[in-house]
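Have a look at the structure below, then the notes.
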Amino acid sequence: MIERAILQHVIRRGDVSTVEAYERPIEVRSMAQRVQRWAAKEFDACSICRGDAVMLRTGVAYCAKHRDELRYDIDPRPGRLTSAHLRAEPSPRELTGTAIVFNVWSVDLGGFVERIRPQSVDRTLREATDLRALWSHEPSEVIGRIEAGTLAVRKETKGLAVAIDPPRWADRHVESVQRGDVSGMSFAFSALDDEWFLQDGLPHRDVLDMMTSEVSIVGWPAYPQTTIRVGPASRDYRPSMAMRQRMARI
């Protein structure tokens, strides 16, 4: 089991402070602290020429010259819906939104920020991972699942779009979204390839490849640009019956 740390982000609104907590593996916090030391000129040595490092790629240090020589392996195959069974007729209770947003920075996650690159979700889609949709990352609050046909996801230009057909017992959650009390999403992932660099004195992390295990509707998203709403997705979001049959054979 991966040991995880609770990283806190404090928002001050006048005299009021709000603490938001986000989980990341212990090694991520350690990597952020490693890059933070660069601000004090305590640089890592480039793994190739032993010069001052300006970037860590999956924990390996590179100077500016050798950073620019790295090749980026980006899967050109497009994303697709990973559920071939989502109901053809949308439910008025359906929850739709964007669980992962690409190329935008997160809030401060306790001393660093991160960004999700578009190619990072390709592995999850390509391997047809049986994702779950949860409420607030709570394992006992499963409101959708790929294999059950109650969750579908699709890679779009702005991020990973989701459609959830929640159970009746989750009506209270649907109401919270409908009222606008909850309007964001999050996701659980394990990074397989990432880059770290220092910018304006703050460690920045680019996630280049990852395995995603679940998406969640949350009250305090690390990426405020994520969305969730009540109502079916557009018609072209849903595969035709012929497309479903083709997808079922993939």
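For the structure tokens, the naming scheme is as follows: chains receive sequential letters (A, B, ...) according to their order of presentation, residues are indexed from 1 within each chain, and ligands are indexed from 1 in presentation order.
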
Filtered DSSP result for region 70-188 of chain A, state strand (DSSP E or B), as a VMD selection string: chain A and resid 95 to 101 105 113 to 116 132 to 135 138 to 145 151 to 155 159 to 164 184 to 188

Please produce an output containing N, CA and C atoms for each residue in the selection, written as a short mmCIF file (atom, residue, chain, number, x, y, z; two decimals), in the first residue's frame.
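Listing of out_26.cif after writing:
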```cif
data_model
loop_
_atom_site.label_atom_id
_atom_site.label_comp_id
_atom_site.auth_asym_id
_atom_site.auth_seq_id
_atom_site.Cartn_x
_atom_site.Cartn_y
_atom_site.Cartn_z
N LEU A 95 -25.47 12.87 -13.69
CA LEU A 95 -24.46 13.84 -13.29
C LEU A 95 -23.38 13.88 -14.37
N THR A 96 -23.11 15.04 -14.90
CA THR A 96 -22.11 15.16 -15.96
C THR A 96 -21.16 16.31 -15.64
N GLY A 97 -19.94 16.18 -16.09
CA GLY A 97 -18.97 17.24 -15.84
C GLY A 97 -17.59 16.86 -16.32
N THR A 98 -16.59 17.55 -15.81
CA THR A 98 -15.18 17.31 -16.15
C THR A 98 -14.44 17.00 -14.87
N ALA A 99 -13.95 15.76 -14.75
CA ALA A 99 -13.30 15.31 -13.53
C ALA A 99 -11.82 15.66 -13.49
N ILE A 100 -11.18 15.71 -14.66
CA ILE A 100 -9.76 16.05 -14.76
C ILE A 100 -9.62 17.15 -15.80
N VAL A 101 -8.96 18.23 -15.46
CA VAL A 101 -8.73 19.32 -16.41
C VAL A 101 -7.26 19.32 -16.81
N TRP A 105 -3.02 24.86 -13.60
CA TRP A 105 -2.36 24.59 -12.33
C TRP A 105 -3.39 24.39 -11.21
N VAL A 113 2.59 23.12 -6.60
CA VAL A 113 1.40 23.04 -7.44
C VAL A 113 1.66 21.99 -8.51
N GLU A 114 0.60 21.46 -9.10
CA GLU A 114 0.78 20.45 -10.14
C GLU A 114 -0.17 20.72 -11.30
N ARG A 115 0.14 20.08 -12.42
CA ARG A 115 -0.63 20.25 -13.66
C ARG A 115 -0.73 18.88 -14.33
N ILE A 116 -1.89 18.60 -14.89
CA ILE A 116 -2.12 17.33 -15.57
C ILE A 116 -2.01 17.54 -17.08
N ARG A 132 -14.30 3.75 -10.85
CA ARG A 132 -15.48 4.01 -10.02
C ARG A 132 -15.68 5.51 -9.90
N ALA A 133 -16.91 5.90 -9.68
CA ALA A 133 -17.23 7.28 -9.32
C ALA A 133 -17.65 7.28 -7.86
N LEU A 134 -17.01 8.10 -7.05
CA LEU A 134 -17.28 8.14 -5.62
C LEU A 134 -17.79 9.53 -5.22
N TRP A 135 -18.34 9.58 -4.03
CA TRP A 135 -18.68 10.86 -3.43
C TRP A 135 -17.60 11.19 -2.42
N GLU A 138 -14.95 8.69 -0.87
CA GLU A 138 -15.35 7.74 0.17
C GLU A 138 -15.64 6.38 -0.47
N PRO A 139 -14.85 5.33 -0.14
CA PRO A 139 -15.02 4.02 -0.78
C PRO A 139 -16.41 3.42 -0.59
N SER A 140 -17.09 3.77 0.48
CA SER A 140 -18.43 3.22 0.72
C SER A 140 -19.52 3.99 -0.01
N GLU A 141 -19.14 5.07 -0.72
CA GLU A 141 -20.11 5.91 -1.43
C GLU A 141 -19.88 5.81 -2.94
N VAL A 142 -20.01 4.60 -3.48
CA VAL A 142 -19.83 4.39 -4.92
C VAL A 142 -21.13 4.75 -5.63
N ILE A 143 -21.06 5.72 -6.52
CA ILE A 143 -22.27 6.18 -7.22
C ILE A 143 -22.22 5.88 -8.72
N GLY A 144 -21.18 5.21 -9.17
CA GLY A 144 -21.09 4.82 -10.57
C GLY A 144 -19.87 3.95 -10.81
N ARG A 145 -19.95 3.12 -11.85
CA ARG A 145 -18.83 2.23 -12.16
C ARG A 145 -18.86 1.89 -13.65
N LEU A 151 -21.21 4.55 -15.26
CA LEU A 151 -20.19 5.60 -15.39
C LEU A 151 -19.58 5.50 -16.78
N ALA A 152 -19.46 6.62 -17.45
CA ALA A 152 -18.75 6.69 -18.73
C ALA A 152 -17.79 7.87 -18.67
N VAL A 153 -16.64 7.73 -19.29
CA VAL A 153 -15.66 8.83 -19.35
C VAL A 153 -15.18 8.99 -20.77
N ARG A 154 -14.76 10.20 -21.11
CA ARG A 154 -14.25 10.46 -22.44
C ARG A 154 -13.23 11.58 -22.39
N LYS A 155 -12.14 11.40 -23.12
CA LYS A 155 -11.12 12.43 -23.22
C LYS A 155 -11.58 13.50 -24.20
N GLY A 159 -10.31 18.24 -21.00
CA GLY A 159 -10.08 17.33 -19.91
C GLY A 159 -10.83 16.02 -20.07
N LEU A 160 -10.96 15.29 -18.97
CA LEU A 160 -11.67 14.01 -18.97
C LEU A 160 -13.11 14.25 -18.54
N ALA A 161 -14.03 14.09 -19.50
CA ALA A 161 -15.45 14.29 -19.22
C ALA A 161 -16.05 13.01 -18.65
N VAL A 162 -17.05 13.17 -17.77
CA VAL A 162 -17.69 12.02 -17.13
C VAL A 162 -19.21 12.16 -17.21
N ALA A 163 -19.86 11.01 -17.20
CA ALA A 163 -21.32 10.94 -17.08
C ALA A 163 -21.62 9.83 -16.08
N ILE A 164 -22.40 10.15 -15.04
CA ILE A 164 -22.69 9.22 -13.95
C ILE A 164 -24.20 9.05 -13.83
N GLY A 184 -17.58 20.76 -7.96
CA GLY A 184 -16.27 20.36 -8.49
C GLY A 184 -16.02 18.88 -8.39
N MET A 185 -14.91 18.45 -8.98
CA MET A 185 -14.54 17.04 -8.96
C MET A 185 -13.07 16.86 -8.66
N SER A 186 -12.72 15.62 -8.36
CA SER A 186 -11.34 15.25 -8.07
C SER A 186 -11.12 13.84 -8.62
N PHE A 187 -9.93 13.30 -8.40
CA PHE A 187 -9.63 11.96 -8.89
C PHE A 187 -8.46 11.39 -8.10
N ALA A 188 -8.40 10.06 -8.02
CA ALA A 188 -7.29 9.37 -7.36
C ALA A 188 -6.40 8.78 -8.44
#
```

Nearby residues (only C-alpha atoms) at most 12 Å from Ala39 (chain A), same-chain spacing under 5 positions excluded, as a list of chain:residue names: A:Ala32, A:Gln33, A:Arg34, A:Asp44, A:Ala53, A:Val54, A:Phe197, A:Leu198, A:Gln199, A:Asp200, A:Gly201, A:Leu202, A:Pro203

Please produce a file of the residues just selected, as a PDB file, in the first residue's frame, where the atoms kept are C-alpha atoms.
```
ATOM      1  CA  ALA A  32       8.508  18.924  -3.445  1.00  0.00           C
ATOM      2  CA  GLN A  33      10.877  19.496  -0.512  1.00  0.00           C
ATOM      3  CA  ARG A  34      13.799  18.392  -2.698  1.00  0.00           C
ATOM      4  CA  ASP A  44      20.843  18.421  -7.468  1.00  0.00           C
ATOM      5  CA  ALA A  53      19.808  20.493 -12.266  1.00  0.00           C
ATOM      6  CA  VAL A  54      16.789  22.516 -13.320  1.00  0.00           C
ATOM      7  CA  PHE A 197      10.899  22.274 -11.671  1.00  0.00           C
ATOM      8  CA  LEU A 198      11.213  25.474  -9.644  1.00  0.00           C
ATOM      9  CA  GLN A 199       9.320  28.563 -10.797  1.00  0.00           C
ATOM     10  CA  ASP A 200       8.940  31.792  -8.835  1.00  0.00           C
ATOM     11  CA  GLY A 201      10.310  30.010  -5.781  1.00  0.00           C
ATOM     12  CA  LEU A 202       7.594  27.338  -5.828  1.00  0.00           C
ATOM     13  CA  PRO A 203       7.990  23.691  -6.935  1.00  0.00           C
TER      14      PRO A 203
END
```

Two-atom distance - CA of Arg117 (chain A), CA of Ala191 (chain A) (Å): 11.5 Å

Long-range neighbours of Gly51 (chain A) as a ChimeraX atom specification, 12 Å cut-off, only C-alpha atoms, 6 positions minimum in chain: /A:43-45,61-67

Output file for the selection above: N, CA, C and O atoms, as a short mmCIF file (atom, residue, chain, number, x, y, z; two decimals), in the first residue's frame:
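Okay, again.cif is ready:
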```
data_model
loop_
_atom_site.label_atom_id
_atom_site.label_comp_id
_atom_site.auth_asym_id
_atom_site.auth_seq_id
_atom_site.Cartn_x
_atom_site.Cartn_y
_atom_site.Cartn_z
N PHE A 43 21.32 22.77 -5.35
CA PHE A 43 20.86 22.07 -6.54
C PHE A 43 21.26 20.60 -6.53
O PHE A 43 22.31 20.23 -6.00
N ASP A 44 20.43 19.78 -7.16
CA ASP A 44 20.84 18.42 -7.47
C ASP A 44 21.81 18.48 -8.65
O ASP A 44 21.80 19.44 -9.42
N ALA A 45 22.61 17.45 -8.79
CA ALA A 45 23.53 17.37 -9.92
C ALA A 45 22.87 16.63 -11.07
O ALA A 45 22.19 15.61 -10.87
N ALA A 61 17.54 13.79 -12.02
CA ALA A 61 17.86 15.19 -12.23
C ALA A 61 18.49 15.43 -13.60
O ALA A 61 19.30 14.62 -14.08
N TYR A 62 18.12 16.58 -14.23
CA TYR A 62 18.69 16.96 -15.52
C TYR A 62 18.97 18.46 -15.50
O TYR A 62 18.19 19.25 -14.97
N CYS A 63 20.08 18.86 -16.14
CA CYS A 63 20.38 20.27 -16.34
C CYS A 63 19.55 20.79 -17.50
O CYS A 63 18.83 20.02 -18.16
N ALA A 64 19.66 22.08 -17.80
CA ALA A 64 18.85 22.68 -18.86
C ALA A 64 19.15 22.04 -20.22
O ALA A 64 18.25 21.77 -21.01
N LYS A 65 20.43 21.79 -20.50
CA LYS A 65 20.81 21.22 -21.79
C LYS A 65 20.19 19.84 -21.98
O LYS A 65 19.58 19.54 -23.01
N HIS A 66 20.35 18.99 -21.01
CA HIS A 66 19.87 17.61 -21.16
C HIS A 66 18.35 17.50 -20.95
O HIS A 66 17.74 16.56 -21.45
N ARG A 67 17.78 18.47 -20.28
CA ARG A 67 16.32 18.52 -20.22
C ARG A 67 15.74 18.69 -21.62
O ARG A 67 14.78 18.01 -22.00
#
```

For Glu195 (chain A), the nearest of the candidates A:Pro224, A:Gly110, A:Gly59, A:Gly219, counting only C-alpha atoms: A:Gly59
